[in-house]
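**Q** First the structure, which I've put down as structure tokens, then a few questions once you've had a look.
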Amino acid sequence: MPKLKSHSGAKKRFNLTKTGKVKRAHAFKSHILTKKTTKRTRNLRKNGYADVTVEDIVKKMIPYK
């Protein structure tokens, strides 16, 4: 069986936890932050988890993580 290629975009954006959940960061945190409230940007720092419906797809994209 040949090696599988990881999806370049997915390996930058997702990580797996020990229990097998897919960890992700929030969007809308990179620029145009002046109009966003400090409370909103602070909450965007927190990690989130990918939806259960998308977990299998993401796990196939990052087979060696």
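Naming scheme: A, B, ... for chains in displayed order of the structure tokens; residues 1 onward per chain; ligands 1 onward as shown.
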Applying 10 Å and only C-alpha atoms, which residues near range 39-48 of chain A remain after dropping the ones on its own chain fewer than 6 positions away? List them as a ChimeraX atom specification.
**A** /A:22-30,33
**Q** Mind dumping the selected residues with N, CA, C and O atoms as an mmCIF file, in the first residue's frame?
**A**
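Output file result.cif is given in full below:
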data_model
loop_
_atom_site.group_PDB
_atom_site.id
_atom_site.type_symbol
_atom_site.label_atom_id
_atom_site.label_comp_id
_atom_site.auth_asym_id
_atom_site.auth_seq_id
_atom_site.Cartn_x
_atom_site.Cartn_y
_atom_site.Cartn_z
ATOM 1 N N VAL A 22 -11.693 16.521 16.291
ATOM 2 C CA VAL A 22 -10.927 17.393 15.411
ATOM 3 C C VAL A 22 -10.944 18.800 15.977
ATOM 4 O O VAL A 22 -11.994 19.423 16.104
ATOM 5 N N LYS A 23 -9.751 19.296 16.351
ATOM 6 C CA LYS A 23 -9.610 20.617 16.939
ATOM 7 C C LYS A 23 -9.380 21.633 15.817
ATOM 8 O O LYS A 23 -8.667 21.350 14.854
ATOM 9 N N ARG A 24 -9.980 22.822 15.953
ATOM 10 C CA ARG A 24 -9.823 23.860 14.941
ATOM 11 C C ARG A 24 -9.788 25.228 15.600
ATOM 12 O O ARG A 24 -10.158 25.375 16.760
ATOM 13 N N ALA A 25 -9.343 26.224 14.851
ATOM 14 C CA ALA A 25 -9.342 27.605 15.323
ATOM 15 C C ALA A 25 -10.531 28.339 14.715
ATOM 16 O O ALA A 25 -11.133 27.873 13.745
ATOM 17 N N HIS A 26 -10.883 29.479 15.299
ATOM 18 C CA HIS A 26 -11.981 30.275 14.774
ATOM 19 C C HIS A 26 -11.522 31.116 13.586
ATOM 20 O O HIS A 26 -10.363 31.519 13.509
ATOM 21 N N ALA A 27 -12.443 31.425 12.707
ATOM 22 C CA ALA A 27 -12.179 32.289 11.566
ATOM 23 C C ALA A 27 -12.380 33.745 11.961
ATOM 24 O O ALA A 27 -12.801 34.038 13.086
ATOM 25 N N PHE A 28 -12.096 34.655 11.034
ATOM 26 C CA PHE A 28 -12.297 36.106 11.198
ATOM 27 C C PHE A 28 -11.420 36.712 12.285
ATOM 28 O O PHE A 28 -11.813 37.652 12.952
ATOM 29 N N LYS A 29 -10.204 36.213 12.464
ATOM 30 C CA LYS A 29 -9.317 36.709 13.511
ATOM 31 C C LYS A 29 -8.050 37.338 12.930
ATOM 32 O O LYS A 29 -7.208 37.830 13.665
ATOM 33 N N SER A 30 -7.904 37.382 11.611
ATOM 34 C CA SER A 30 -6.620 37.788 11.045
ATOM 35 C C SER A 30 -6.487 39.284 10.773
ATOM 36 O O SER A 30 -5.438 39.869 11.004
ATOM 37 N N LEU A 33 -9.640 44.138 12.471
ATOM 38 C CA LEU A 33 -10.028 43.878 13.851
ATOM 39 C C LEU A 33 -10.521 45.128 14.574
ATOM 40 O O LEU A 33 -11.055 45.025 15.672
#
**Q** List as a compact mmCIF listing (two decimals) with N, CA, C and O atoms, in the first residue's frame the protein and nucleic acid residues near Leu16 in chain A, meaning an atom at most 12 Å away when only C-alpha atoms are counted, but skip any in the same chain fewer than 6 places from it.
**A**
# COMPACT_ATOMS: atom_id res chain seq x y z
N ALA A 10 -5.54 21.33 5.07
CA ALA A 10 -6.11 20.70 6.27
C ALA A 10 -5.06 20.49 7.35
O ALA A 10 -5.35 20.67 8.54
N VAL A 22 -11.69 16.52 16.29
CA VAL A 22 -10.93 17.39 15.41
C VAL A 22 -10.94 18.80 15.98
O VAL A 22 -11.99 19.42 16.10
N LYS A 23 -9.75 19.30 16.35
CA LYS A 23 -9.61 20.62 16.94
C LYS A 23 -9.38 21.63 15.82
O LYS A 23 -8.67 21.35 14.85
N ARG A 24 -9.98 22.82 15.95
CA ARG A 24 -9.82 23.86 14.94
C ARG A 24 -9.79 25.23 15.60
O ARG A 24 -10.16 25.37 16.76
N GLY A 48 -12.01 25.63 19.02
CA GLY A 48 -13.30 24.99 18.85
C GLY A 48 -13.08 23.59 18.33
O GLY A 48 -11.94 23.17 18.09
N TYR A 49 -14.14 22.86 18.16
CA TYR A 49 -14.06 21.52 17.61
C TYR A 49 -14.88 21.45 16.34
O TYR A 49 -15.94 22.09 16.24
N ALA A 50 -14.40 20.71 15.36
CA ALA A 50 -15.11 20.56 14.10
C ALA A 50 -16.41 19.79 14.34
O ALA A 50 -16.50 18.97 15.27
N GLU A 55 -16.16 15.47 10.66
CA GLU A 55 -14.99 14.83 11.27
C GLU A 55 -14.36 13.76 10.39
O GLU A 55 -13.15 13.72 10.23
N ASP A 56 -15.17 12.88 9.81
CA ASP A 56 -14.63 11.79 8.99
C ASP A 56 -13.88 12.31 7.77
O ASP A 56 -12.83 11.78 7.41
N VAL A 58 -12.35 15.26 7.46
CA VAL A 58 -11.09 15.89 7.89
C VAL A 58 -10.07 14.83 8.27
O VAL A 58 -8.88 14.96 7.95
N LYS A 59 -10.51 13.78 8.93
CA LYS A 59 -9.58 12.71 9.33
C LYS A 59 -8.96 12.01 8.12
O LYS A 59 -7.81 11.58 8.17
N LYS A 60 -9.71 11.91 7.03
CA LYS A 60 -9.16 11.33 5.80
C LYS A 60 -8.14 12.26 5.17
O LYS A 60 -7.20 11.82 4.51
N MET A 61 -8.33 13.56 5.36
CA MET A 61 -7.40 14.54 4.80
C MET A 61 -6.07 14.58 5.54
O MET A 61 -5.04 14.94 4.96
N ILE A 62 -6.08 14.25 6.85
CA ILE A 62 -4.85 14.27 7.65
C ILE A 62 -4.61 12.88 8.23
O ILE A 62 -4.77 12.66 9.43
N PRO A 63 -4.21 11.91 7.40
CA PRO A 63 -4.11 10.52 7.86
C PRO A 63 -3.00 10.28 8.88
O PRO A 63 -3.09 9.33 9.67
N TYR A 64 -1.95 11.09 8.90
CA TYR A 64 -0.81 10.79 9.78
C TYR A 64 -0.72 11.70 11.00
O TYR A 64 0.30 11.73 11.68
N LYS A 65 -1.74 12.46 11.31
CA LYS A 65 -1.71 13.32 12.50
C LYS A 65 -2.23 12.59 13.70
O LYS A 65 -3.02 11.70 13.63
